[in-house]
$ cat run_8.cif   # mmCIF, C-alpha atoms
data_query
#
loop_
_atom_site.group_PDB
_atom_site.id
_atom_site.type_symbol
_atom_site.label_atom_id
_atom_site.label_comp_id
_atom_site.auth_asym_id
_atom_site.auth_seq_id
_atom_site.Cartn_x
_atom_site.Cartn_y
_atom_site.Cartn_z
ATOM 1 C CA MET A 1 60.124 -18.020 -30.977
ATOM 2 C CA LYS A 2 62.761 -20.759 -30.634
ATOM 3 C CA ARG A 3 64.856 -18.594 -28.347
ATOM 4 C CA ASN A 4 61.855 -18.006 -26.059
ATOM 5 C CA ARG A 5 61.284 -21.757 -25.931
ATOM 6 C CA LEU A 6 64.926 -22.349 -25.041
ATOM 7 C CA GLU A 7 64.784 -19.765 -22.280
ATOM 8 C CA ARG A 8 61.588 -21.308 -20.947
ATOM 9 C CA TRP A 9 63.212 -24.725 -20.916
ATOM 10 C CA LEU A 10 66.329 -23.486 -19.150
ATOM 11 C CA GLN A 11 64.074 -21.806 -16.616
ATOM 12 C CA ASN A 12 62.268 -25.114 -16.044
ATOM 13 C CA ILE A 13 65.597 -26.870 -15.540
ATOM 14 C CA SER A 14 66.708 -24.141 -13.163
ATOM 15 C CA LYS A 15 63.582 -24.508 -10.995
ATOM 16 C CA THR A 16 63.625 -28.313 -10.926
ATOM 17 C CA GLN A 17 63.309 -29.745 -7.426
ATOM 18 C CA GLU A 18 64.507 -33.145 -6.225
ATOM 19 C CA GLU A 19 60.938 -34.063 -5.299
ATOM 20 C CA GLU A 20 57.958 -32.796 -7.283
ATOM 21 C CA ILE A 21 54.300 -33.725 -6.970
ATOM 22 C CA SER A 22 52.645 -35.753 -9.701
ATOM 23 C CA CYS A 23 49.891 -34.754 -12.111
ATOM 24 C CA SER A 24 47.415 -36.824 -10.060
ATOM 25 C CA GLU A 25 48.357 -35.008 -6.867
ATOM 26 C CA CYS A 26 47.987 -31.712 -8.713
ATOM 27 C CA PHE A 27 44.564 -32.739 -10.057
ATOM 28 C CA ASP A 28 43.401 -33.697 -6.557
ATOM 29 C CA SER A 29 44.218 -30.259 -5.129
ATOM 30 C CA VAL A 30 43.848 -27.812 -8.005
ATOM 31 C CA SER A 31 40.220 -26.932 -7.221
ATOM 32 C CA HIS A 32 41.265 -25.919 -3.694
ATOM 33 C CA PHE A 33 44.169 -23.904 -5.151
ATOM 34 C CA VAL A 34 41.729 -22.036 -7.399
ATOM 35 C CA GLU A 35 39.364 -21.302 -4.504
ATOM 36 C CA VAL A 36 42.225 -19.972 -2.375
ATOM 37 C CA GLU A 37 43.331 -17.768 -5.233
ATOM 38 C CA LEU A 38 39.829 -16.439 -5.911
ATOM 39 C CA SER A 39 39.451 -15.623 -2.215
ATOM 40 C CA GLY A 40 42.331 -13.176 -2.636
ATOM 41 C CA ALA A 41 44.857 -15.198 -0.651
ATOM 42 C CA ASP A 42 48.331 -16.089 -1.897
ATOM 43 C CA ALA A 43 47.697 -19.602 -3.190
ATOM 44 C CA ALA A 44 51.279 -19.997 -4.428
ATOM 45 C CA LYS A 45 52.572 -19.320 -0.922
ATOM 46 C CA LYS A 46 50.063 -21.645 0.744
ATOM 47 C CA MET A 47 50.545 -24.467 -1.773
ATOM 48 C CA PRO A 48 54.091 -24.050 -3.153
ATOM 49 C CA GLN A 49 54.467 -27.612 -4.423
ATOM 50 C CA LEU A 50 51.321 -27.343 -6.488
ATOM 51 C CA LYS A 51 52.426 -23.970 -7.854
ATOM 52 C CA GLN A 52 55.771 -25.481 -8.767
ATOM 53 C CA HIS A 53 54.047 -28.325 -10.627
ATOM 54 C CA LEU A 54 51.887 -25.839 -12.542
ATOM 55 C CA ASP A 55 55.052 -23.974 -13.556
ATOM 56 C CA GLN A 56 56.581 -27.177 -14.886
ATOM 57 C CA CYS A 57 53.604 -28.970 -16.435
ATOM 58 C CA PRO A 58 51.945 -27.276 -19.430
ATOM 59 C CA ALA A 59 48.984 -29.664 -19.429
ATOM 60 C CA CYS A 60 48.101 -29.129 -15.771
ATOM 61 C CA ARG A 61 48.751 -25.412 -16.123
ATOM 62 C CA GLU A 62 46.313 -25.078 -19.011
ATOM 63 C CA GLU A 63 43.634 -26.995 -17.127
ATOM 64 C CA TYR A 64 44.201 -24.843 -14.043
ATOM 65 C CA GLU A 65 43.915 -21.586 -16.052
ATOM 66 C CA THR A 66 40.636 -22.718 -17.609
ATOM 67 C CA LEU A 67 39.300 -23.840 -14.220
ATOM 68 C CA ARG A 68 40.284 -20.554 -12.600
ATOM 69 C CA ASP A 69 38.606 -18.477 -15.303
ATOM 70 C CA LEU A 70 35.477 -20.626 -15.253
ATOM 71 C CA ALA A 71 35.205 -20.497 -11.456
ATOM 72 C CA ARG A 72 35.657 -16.740 -11.536
ATOM 73 C CA LEU A 73 32.834 -16.371 -14.053
ATOM 74 C CA GLU A 74 30.591 -18.516 -11.878
ATOM 75 C CA ASN A 75 31.449 -16.521 -8.749
ATOM 76 C CA ASP A 76 30.579 -13.318 -10.587
ATOM 77 C CA GLY A 77 27.270 -14.773 -11.769
ATOM 78 C CA GLU A 78 28.468 -14.574 -15.370
ATOM 79 C CA LEU A 79 28.811 -18.217 -16.339
ATOM 80 C CA PRO A 80 27.516 -18.429 -19.916
ATOM 81 C CA SER A 81 24.717 -20.853 -20.714
ATOM 82 C CA SER A 82 25.304 -23.828 -22.990
ATOM 83 C CA ASN A 83 23.498 -21.989 -25.795
ATOM 84 C CA ASP A 84 25.639 -18.894 -25.405
ATOM 85 C CA LEU A 85 28.789 -21.013 -25.467
ATOM 86 C CA GLN A 86 27.654 -22.910 -28.557
ATOM 87 C CA ASN A 87 27.089 -19.585 -30.293
ATOM 88 C CA LEU A 88 30.771 -18.782 -29.780
ATOM 89 C CA ILE A 89 31.612 -21.658 -32.099
ATOM 90 C CA PRO A 90 31.567 -20.530 -35.728
ATOM 91 C CA MET B 1 18.153 -23.321 -15.575
ATOM 92 C CA SER B 2 20.268 -25.340 -13.084
ATOM 93 C CA ARG B 3 19.334 -24.992 -9.448
ATOM 94 C CA THR B 4 21.989 -23.565 -7.156
ATOM 95 C CA ARG B 5 23.068 -26.023 -4.471
ATOM 96 C CA THR B 6 25.409 -25.985 -1.526
ATOM 97 C CA ASN B 7 28.118 -28.642 -1.402
ATOM 98 C CA GLN B 8 26.040 -30.665 1.055
ATOM 99 C CA GLU B 9 22.992 -30.434 -1.190
ATOM 100 C CA TRP B 10 24.963 -31.612 -4.196
ATOM 101 C CA LEU B 11 26.249 -34.655 -2.328
ATOM 102 C CA HIS B 12 22.886 -35.403 -0.800
ATOM 103 C CA ASP B 13 20.951 -35.117 -4.064
ATOM 104 C CA LEU B 14 23.463 -37.051 -6.152
ATOM 105 C CA ASN B 15 23.443 -39.866 -3.598
ATOM 106 C CA ALA B 16 19.658 -39.853 -3.366
ATOM 107 C CA SER B 17 17.291 -41.732 -5.652
ATOM 108 C CA GLY B 18 14.343 -40.993 -7.894
ATOM 109 C CA ALA B 19 13.449 -37.525 -9.123
ATOM 110 C CA LEU B 20 15.769 -35.765 -6.685
ATOM 111 C CA GLN B 21 18.817 -37.621 -7.984
ATOM 112 C CA GLU B 22 17.713 -37.296 -11.618
ATOM 113 C CA ALA B 23 17.413 -33.526 -11.283
ATOM 114 C CA ALA B 24 20.843 -33.271 -9.673
ATOM 115 C CA ILE B 25 22.419 -35.403 -12.389
ATOM 116 C CA ALA B 26 20.758 -33.303 -15.100
ATOM 117 C CA ASP B 27 22.001 -30.083 -13.513
ATOM 118 C CA LEU B 28 25.496 -31.513 -13.084
ATOM 119 C CA ARG B 29 25.565 -32.639 -16.713
ATOM 120 C CA ASP B 30 24.632 -29.116 -17.776
ATOM 121 C CA LEU B 31 27.471 -27.621 -15.740
ATOM 122 C CA LEU B 32 29.946 -30.105 -17.171
ATOM 123 C CA LEU B 33 28.749 -29.406 -20.714
ATOM 124 C CA ARG B 34 29.284 -25.702 -20.132
ATOM 125 C CA ALA B 35 32.804 -26.392 -18.871
ATOM 126 C CA ALA B 36 33.617 -28.493 -21.957
ATOM 127 C CA LEU B 37 32.152 -25.897 -24.316
ATOM 128 C CA TYR B 38 34.040 -23.160 -22.500
ATOM 129 C CA PHE B 39 37.328 -25.002 -23.040
ATOM 130 C CA PHE B 40 36.513 -25.662 -26.686
ATOM 131 C CA SER B 41 35.581 -22.029 -27.276
ATOM 132 C CA ARG B 42 39.096 -21.060 -26.136
ATOM 133 C CA ASN B 43 40.742 -23.662 -28.349
ATOM 134 C CA LEU B 44 38.834 -23.558 -31.624
ATOM 135 C CA GLY B 45 42.117 -23.910 -33.515
ATOM 136 C CA ASP B 46 42.186 -27.571 -32.496
ATOM 137 C CA PHE B 47 38.958 -28.210 -34.398
ATOM 138 C CA LYS B 48 39.682 -27.013 -37.897
ATOM 139 C CA GLY B 49 37.433 -28.817 -40.309
ATOM 140 C CA LEU B 50 34.665 -29.483 -37.794
ATOM 141 C CA ASN B 51 31.410 -27.543 -37.770
ATOM 142 C CA ARG B 52 29.504 -26.279 -34.747
ATOM 143 C CA ASP B 53 27.283 -29.345 -34.463
ATOM 144 C CA GLU B 54 30.274 -31.689 -34.575
ATOM 145 C CA ILE B 55 32.149 -29.700 -31.936
ATOM 146 C CA THR B 56 29.044 -29.536 -29.755
ATOM 147 C CA GLU B 57 28.672 -33.290 -30.043
ATOM 148 C CA ARG B 58 32.270 -33.694 -28.877
ATOM 149 C CA ALA B 59 31.508 -31.451 -25.914
ATOM 150 C CA GLU B 60 28.480 -33.545 -25.033
ATOM 151 C CA ASP B 61 30.610 -36.691 -25.136
ATOM 152 C CA CYS B 62 33.151 -35.027 -22.835
ATOM 153 C CA ALA B 63 30.394 -33.939 -20.467
ATOM 154 C CA GLN B 64 29.009 -37.475 -20.312
ATOM 155 C CA ASP B 65 32.453 -38.977 -19.645
ATOM 156 C CA ALA B 66 33.081 -36.323 -17.002
ATOM 157 C CA LEU B 67 29.722 -37.040 -15.389
ATOM 158 C CA ILE B 68 30.630 -40.699 -15.004
ATOM 159 C CA ALA B 69 34.019 -39.733 -13.551
ATOM 160 C CA VAL B 70 32.467 -37.291 -11.087
ATOM 161 C CA LEU B 71 29.888 -39.811 -9.885
ATOM 162 C CA ASN B 72 32.592 -42.461 -9.507
ATOM 163 C CA HIS B 73 34.742 -40.086 -7.442
ATOM 164 C CA LEU B 74 32.065 -38.475 -5.240
ATOM 165 C CA SER B 75 33.644 -39.959 -2.129
ATOM 166 C CA ASP B 76 36.917 -38.179 -3.017
ATOM 167 C CA PHE B 77 35.349 -34.725 -2.720
ATOM 168 C CA ARG B 78 36.975 -33.116 0.329
ATOM 169 C CA GLY B 79 34.801 -30.021 0.531
ATOM 170 C CA ASP B 80 37.812 -27.691 0.242
ATOM 171 C CA SER B 81 36.274 -25.975 -2.771
ATOM 172 C CA LYS B 82 32.859 -25.429 -4.237
ATOM 173 C CA PHE B 83 31.479 -28.694 -5.578
ATOM 174 C CA SER B 84 31.080 -27.141 -9.019
ATOM 175 C CA THR B 85 34.745 -26.049 -9.095
ATOM 176 C CA TRP B 86 35.780 -29.579 -8.151
ATOM 177 C CA ALA B 87 33.493 -31.085 -10.815
ATOM 178 C CA TYR B 88 34.523 -28.689 -13.598
ATOM 179 C CA LYS B 89 38.076 -30.005 -13.590
ATOM 180 C CA PHE B 90 36.864 -33.422 -14.769
ATOM 181 C CA ALA B 91 35.143 -31.854 -17.767
ATOM 182 C CA ILE B 92 38.077 -29.589 -18.554
ATOM 183 C CA ASN B 93 40.420 -32.580 -18.444
ATOM 184 C CA MET B 94 38.193 -34.562 -20.847
ATOM 185 C CA ALA B 95 37.778 -31.563 -23.128
ATOM 186 C CA MET B 96 41.500 -30.922 -23.320
ATOM 187 C CA MET B 97 42.250 -34.534 -24.234
ATOM 188 C CA SER B 98 39.545 -34.442 -26.901
ATOM 189 C CA ALA B 99 40.771 -31.175 -28.406
ATOM 190 C CA ARG B 100 44.404 -32.218 -28.539
ATOM 191 C CA ARG B 101 43.507 -35.620 -30.006
ATOM 192 C CA GLU B 102 41.626 -33.851 -32.810
ATOM 193 C CA ARG B 103 44.455 -31.393 -33.425
ATOM 194 C CA TRP B 104 47.169 -34.062 -33.546
ATOM 195 C CA LYS B 105 45.369 -36.874 -35.337
ATOM 196 C CA GLY B 106 47.277 -37.953 -38.396
ATOM 197 C CA VAL B 107 50.595 -36.650 -37.053
ATOM 198 C CA SER B 108 53.256 -39.339 -36.760
ATOM 199 C CA LEU B 109 54.820 -39.051 -33.327
ATOM 200 C CA ASP B 110 57.290 -41.846 -34.156
ATOM 201 C CA GLU B 111 59.125 -39.507 -36.477
ATOM 202 C CA LEU B 112 59.117 -36.661 -33.979
ATOM 203 C CA ALA B 113 60.231 -38.973 -31.166
ATOM 204 C CA SER B 114 63.277 -40.071 -33.102
ATOM 205 C CA SER B 115 64.678 -36.532 -33.180
ATOM 206 C CA ASP B 116 68.206 -36.948 -31.953
ATOM 207 C CA GLU B 117 70.206 -34.548 -29.879
ATOM 208 C CA SER B 118 71.874 -33.066 -32.943
ATOM 209 C CA ASN B 119 68.467 -31.825 -34.114
ATOM 210 C CA PHE B 120 68.013 -30.271 -30.730
ATOM 211 C CA PHE B 121 71.241 -28.376 -31.050
ATOM 212 C CA GLU B 122 70.366 -27.215 -34.532
ATOM 213 C CA TRP B 123 67.218 -25.910 -32.880
ATOM 214 C CA MET B 124 69.216 -24.176 -30.172
ATOM 215 C CA LEU B 125 71.648 -22.647 -32.641
ATOM 216 C CA GLN B 126 69.151 -21.493 -35.240
ATOM 217 C CA ASP B 127 68.303 -18.343 -33.399
ATOM 218 C CA LYS B 128 71.884 -17.505 -32.555
ATOM 219 C CA ALA B 129 72.262 -13.774 -32.213
ATOM 220 C CA GLU B 130 74.960 -11.917 -34.047
ATOM 221 C CA GLY B 131 77.455 -9.619 -32.492
ATOM 222 C CA ILE B 132 77.658 -11.205 -29.043
ATOM 223 C CA ALA B 133 80.929 -11.011 -27.154
ATOM 224 C CA PRO B 134 83.401 -13.872 -27.755
ATOM 225 C CA GLU B 135 83.409 -14.774 -24.072
ATOM 226 C CA GLN B 136 79.617 -15.051 -24.024
ATOM 227 C CA SER B 137 79.674 -17.104 -27.205
ATOM 228 C CA ALA B 138 82.218 -19.463 -25.667
ATOM 229 C CA MET B 139 80.133 -19.882 -22.524
ATOM 230 C CA GLN B 140 77.027 -20.590 -24.595
ATOM 231 C CA ALA B 141 78.970 -23.256 -26.457
ATOM 232 C CA GLU B 142 80.095 -24.783 -23.169
ATOM 233 C CA VAL B 143 76.522 -24.972 -21.867
ATOM 234 C CA ARG B 144 75.298 -26.515 -25.129
ATOM 235 C CA GLY B 145 78.106 -29.046 -24.943
ATOM 236 C CA ILE B 146 77.216 -30.074 -21.401
ATOM 237 C CA LEU B 147 73.523 -30.391 -22.253
ATOM 238 C CA GLN B 148 74.390 -32.434 -25.322
ATOM 239 C CA GLU B 149 76.596 -34.745 -23.293
ATOM 240 C CA VAL B 150 73.906 -35.310 -20.645
ATOM 241 C CA ILE B 151 71.222 -35.943 -23.260
ATOM 242 C CA ALA B 152 73.429 -38.370 -25.178
ATOM 243 C CA HIS B 153 74.909 -40.289 -22.241
ATOM 244 C CA ASP B 154 72.873 -39.829 -19.081
ATOM 245 C CA LEU B 155 69.248 -39.861 -20.189
ATOM 246 C CA THR B 156 67.414 -43.120 -20.784
ATOM 247 C CA ASP B 157 65.904 -43.782 -24.212
ATOM 248 C CA LYS B 158 62.435 -42.987 -22.856
ATOM 249 C CA GLN B 159 63.589 -39.743 -21.278
ATOM 250 C CA ARG B 160 65.161 -38.716 -24.593
ATOM 251 C CA ARG B 161 61.957 -39.613 -26.407
ATOM 252 C CA VAL B 162 59.782 -37.562 -24.083
ATOM 253 C CA LEU B 163 62.222 -34.668 -24.290
ATOM 254 C CA ALA B 164 62.143 -34.793 -28.095
ATOM 255 C CA LEU B 165 58.354 -34.869 -28.195
ATOM 256 C CA MET B 166 57.400 -32.414 -25.470
ATOM 257 C CA VAL B 167 60.280 -29.945 -25.358
ATOM 258 C CA PHE B 168 61.674 -29.918 -28.904
ATOM 259 C CA ASN B 169 58.369 -30.460 -30.709
ATOM 260 C CA GLU B 170 55.841 -29.164 -28.124
ATOM 261 C CA VAL B 171 53.601 -32.204 -28.478
ATOM 262 C CA PRO B 172 50.862 -32.000 -25.804
ATOM 263 C CA MET B 173 51.350 -34.308 -22.862
ATOM 264 C CA ASP B 174 48.152 -36.295 -23.426
ATOM 265 C CA GLU B 175 49.242 -37.122 -26.968
ATOM 266 C CA VAL B 176 52.601 -38.300 -25.635
ATOM 267 C CA VAL B 177 50.726 -40.402 -23.058
ATOM 268 C CA ARG B 178 48.669 -42.011 -25.836
ATOM 269 C CA HIS B 179 51.707 -42.548 -28.043
ATOM 270 C CA LEU B 180 53.676 -44.264 -25.275
ATOM 271 C CA GLY B 181 50.689 -46.183 -23.896
ATOM 272 C CA THR B 182 51.244 -44.878 -20.389
ATOM 273 C CA ASN B 183 49.812 -42.181 -18.095
ATOM 274 C CA ARG B 184 50.478 -38.548 -17.230
ATOM 275 C CA ASN B 185 52.284 -39.316 -13.994
ATOM 276 C CA ALA B 186 54.789 -41.554 -15.757
ATOM 277 C CA VAL B 187 55.456 -38.996 -18.502
ATOM 278 C CA TYR B 188 55.836 -36.185 -15.982
ATOM 279 C CA LYS B 189 58.294 -38.294 -14.012
ATOM 280 C CA MET B 190 60.356 -39.021 -17.138
ATOM 281 C CA LEU B 191 60.603 -35.317 -17.898
ATOM 282 C CA HIS B 192 61.307 -34.471 -14.261
ATOM 283 C CA ASP B 193 64.131 -37.017 -14.094
ATOM 284 C CA ALA B 194 65.547 -35.636 -17.351
ATOM 285 C CA ARG B 195 65.433 -32.067 -16.007
ATOM 286 C CA LEU B 196 67.147 -33.180 -12.816
ATOM 287 C CA LYS B 197 69.948 -34.871 -14.732
ATOM 288 C CA LEU B 198 70.454 -31.779 -16.881
ATOM 289 C CA LYS B 199 70.482 -29.518 -13.830
ATOM 290 C CA ASN B 200 72.914 -31.790 -11.988
ATOM 291 C CA GLY B 201 75.068 -32.082 -15.116
ATOM 292 C CA LEU B 202 75.460 -28.324 -15.352
ATOM 293 C CA GLN B 203 76.109 -28.001 -11.620
ATOM 294 C CA ALA B 204 78.774 -30.728 -11.823
ATOM 295 C CA HIS B 205 80.611 -28.437 -14.229
ATOM 296 C CA GLY B 206 80.293 -25.536 -11.839
ATOM 297 C CA ILE B 207 77.455 -23.854 -13.745
ATOM 298 C CA GLU B 208 74.412 -22.662 -11.853
ATOM 299 C CA VAL B 209 71.486 -23.021 -14.232
ATOM 300 C CA GLY B 210 70.184 -19.597 -13.274
ATOM 301 C CA GLU B 211 73.322 -18.121 -14.843
ATOM 302 C CA THR B 212 72.475 -19.738 -18.173
ATOM 303 C CA LEU B 213 69.276 -17.717 -18.395
ATOM 304 C CA THR B 214 71.222 -14.475 -18.438
ATOM 305 C CA LEU B 215 73.743 -15.992 -20.796
ATOM 306 C CA PHE B 216 71.153 -16.741 -23.482
ATOM 307 C CA SER B 217 68.648 -13.979 -22.879
ATOM 308 C CA THR B 218 71.094 -11.095 -23.327
ATOM 309 C CA SER B 219 72.304 -12.346 -26.683
ATOM 310 C CA ARG B 220 69.349 -10.951 -28.664
#
$ encode --input "run_8.cif" --output "structure tokens"
Amino acid sequence: MKRNRLERWLQNISKTQEEEISCSECFDSVSHFVEVELSGADAAKKMPQLKQHLDQCPACREEYETLRDLARLENDGELPSSNDLQNLIP
Amino acid sequence: MSRTRTNQEWLHDLNASGALQEAAIADLRDLLLRAALYFFSRNLGDFKGLNRDEITERAEDCAQDALIAVLNHLSDFRGDSKFSTWAYKFAINMAMMSARRERWKGVSLDELASSDESNFFEWMLQDKAEGIAPEQSAMQAEVRGILQEVIAHDLTDKQRRVLALMVFNEVPMDEVVRHLGTNRNAVYKMLHDARLKLKNGLQAHGIEVGETLTLFSTSR
């Protein structure tokens, strides 16, 4: 586990850019990024700075992954109701 | 059940008055509650000790806070996504902060933040593989030495603190933000500047950071 964390950190250092967008800038554009992705287009190619931020920022990345999965469920007409979601909580 | 609206309908109804606006707000609150509950359902480990009613109440609080944020930022909506996708991110953000706050309450970040670079190198060395070639071992030691030197001499105290909390101890960013009394952008910048110094430090010694990945990953 520690070795994986070290490798991940070295990877982050390796991919560090001189200029990187902030968490606020990521937040402003992440919904568009998700929509591009769900449309089947290459969102990482169209929005490389945002992709780079998601690779570096665990907090923004986790929010993005949840948003993507939620948006996908909604697009597929499978967004659970509040009651269904509450029932998932033991 | 919430009525389906186009982006224009959402904006129109939320900016309207009377029953039309009330219905839109109620539907939006329901969507935001679902987003918060969805996040919580994926992170139940953060809520050990809380029952379903207590967790649901937290989700409702998040949904209410997100609703206020969405209504305050309506003019920021650019229309480059579905309105619901844009709105969900406010609820997910609130839910994540709430979950992490619950998970990390009672944990002293002061102690974690004071981890010095020697602890870091104990951490790096703990998983040292056996039987690697002497040359590889020597190169690993050189990389560790350079990283140690940069951390000790080139990083600011705040950068070292953030490194200790987020990288060594995997404290969530929002908890680090709360601990330092700052915001996400500032914490991200501290970590970015630290990464840049480490990258530049290795490059100044003729080491491309990409090479270090191979160096450590093959020594399993």
$ resolve_selection --input "run_8.cif" --expression "the PyMOL selection byres ((chain B) within 6 of (chain A))" --output "ChimeraX atom specification"
/B:34,52,80-81,85-86,185,195,199,209-210
$ closest_residue --input "run_8.cif" --among "A:Glu78, A:Asp55, A:Ser39, A:Cys26" --to "B:Lys82" --atoms "all atoms listed in the file"
A:Ser39
$ atom_distance --input "run_8.cif" --atom1 "atom CA of B:Leu163" --atom2 "atom CA of B:Leu191"
6.6 Å
$ closest_residue --input "run_8.cif" --among "B:Ser84, B:Asn200, B:Ser108, B:Ser137" --to "B:Asp30" --atoms "all atoms listed in the file"
B:Ser84
$ resolve_selection --input "run_8.cif" --expression "the PyMOL selection byres ((chain B and resi 99) around 8)" --output "compact mmCIF listing (two decimals) with C-alpha atoms, in the coordinates of the input"
# COMPACT_ATOMS: atom_id res chain seq x y z
CA PHE B 40 36.51 -25.66 -26.69
CA ASN B 43 40.74 -23.66 -28.35
CA ASP B 46 42.19 -27.57 -32.50
CA PHE B 47 38.96 -28.21 -34.40
CA ALA B 95 37.78 -31.56 -23.13
CA MET B 96 41.50 -30.92 -23.32
CA MET B 97 42.25 -34.53 -24.23
CA SER B 98 39.54 -34.44 -26.90
CA ARG B 100 44.40 -32.22 -28.54
CA ARG B 101 43.51 -35.62 -30.01
CA GLU B 102 41.63 -33.85 -32.81
CA ARG B 103 44.46 -31.39 -33.42
$ atom_distance --input "run_8.cif" --atom1 "atom CA of B:Arg42" --atom2 "atom CA of B:Asn72"
27.9 Å
$ atom_distance --input "run_8.cif" --atom1 "atom CA of B:Val176" --atom2 "atom CA of B:Lys189"
12.9 Å
$ closest_residue --input "run_8.cif" --among "B:Asp154, B:Glu135, B:Glu9, B:Asp76" --to "B:Lys197" --atoms "all atoms listed in the file"
B:Asp154
$ closest_residue --input "run_8.cif" --among "B:Lys89, B:Lys105, B:Lys158, B:Arg144" --to "B:Ala186" --atoms "only C-alpha atoms"
B:Lys158
$ residues_around --input "run_8.cif" --residues "B:Arg3" --least-positions-apart "3" --cutoff "10 Å" --atoms "only C-alpha atoms" --output "PyMOL selection string"
chain B and resi 23-24+27-28
$ resolve_selection --input "run_8.cif" --expression "the PyMOL selection byres ((chain B and resi 32) around 8)" --output "list in words"
Leu28, Arg29, Asp30, Leu31, Leu33, Arg34, Ala35, Ala36, Ala63, Ala66, Leu67, Ala87, Tyr88 and Ala91 of chain B
